[in-house]
Amino acid sequence: MQTYQNLTMPTSDSLPQTVLTPLGGLSQSQVDDPTLKRTIRLAKNREAAQECRRKKKEYIKCLESRVAVLENQNLALIKELRSFKDLHCVKTG
DNA sequence: ACCTTCGCCCGTCAGCGGAT
DNA sequence: ATCCGCTGACGGGCGAAGGT
């Protein structure tokens, strides 16, 4: 998958590393505990969802600013086209 | 003061695709 | 085949704004 690529997706070094020390300090019996497994999975997914939403917002910001740029370019081109047309009318008219 | 509606955020689940 | 991360979808909570 990996959507939102291109269009500057900043990485999130700054985000807090909460809750999870990645299975480092866990005994085998702890790792096998389904309840603990679920807790860990939920916590990881919670963080993943937060990051995903942050990236999506950033992506939308990028798109919006790109729209603004393109709209300005479009206006400028329309303006230029008009002036060329005017020039042409003067010559032929 | 009390609803009601709207927009936003969050946590969770489900499903997909890549990595092993 | 299994694990894991990412992301769309869903439902719930909360505050703001507007109507009664």
# chains A, B, ... in the order shown; residues from 1 in each chain; ligands from 1

$ residues_around --residues "range 4-15 of chain B" --least-positions-apart "6" --cutoff "9 Å" --atoms "only C-alpha atoms (C1' of nucleotides)" --output "number ranges by chain"
A: 42, 45-46, 49-50; C: 9-10, 13-14, 16-19

$ interface_residues --of "chain C" --to "chain A" --cutoff "8 Å" --atoms "only C-alpha atoms (C1' of nucleotides)" --output "list in words"
DG5, DC6 and DT7 of chain C

$ atom_distance --atom1 "CA of Arg54 in chain A" --atom2 "CA of Glu71 in chain A"
25.9 Å

$ atom_distance --atom1 "C1' of DA1 in chain C" --atom2 "CA of Asp33 in chain A"
21.6 Å

$ residues_around --residues "DA19 in chain B" --least-positions-apart "2" --cutoff "12 Å" --atoms "only C-alpha atoms (C1' of nucleotides)" --output "JSON, numbers by chain"
{"B": [17], "C": [2, 3, 4, 5]}

$ atom_distance --atom1 "CA of Ala43 in chain A" --atom2 "CA of Lys57 in chain A"
21.4 Å

$ closest_residue --among "A:Arg66, A:Lys61, A:Arg38, A:His88" --to "chain B" --atoms "only C-alpha atoms (C1' of nucleotides)"
A:Arg38
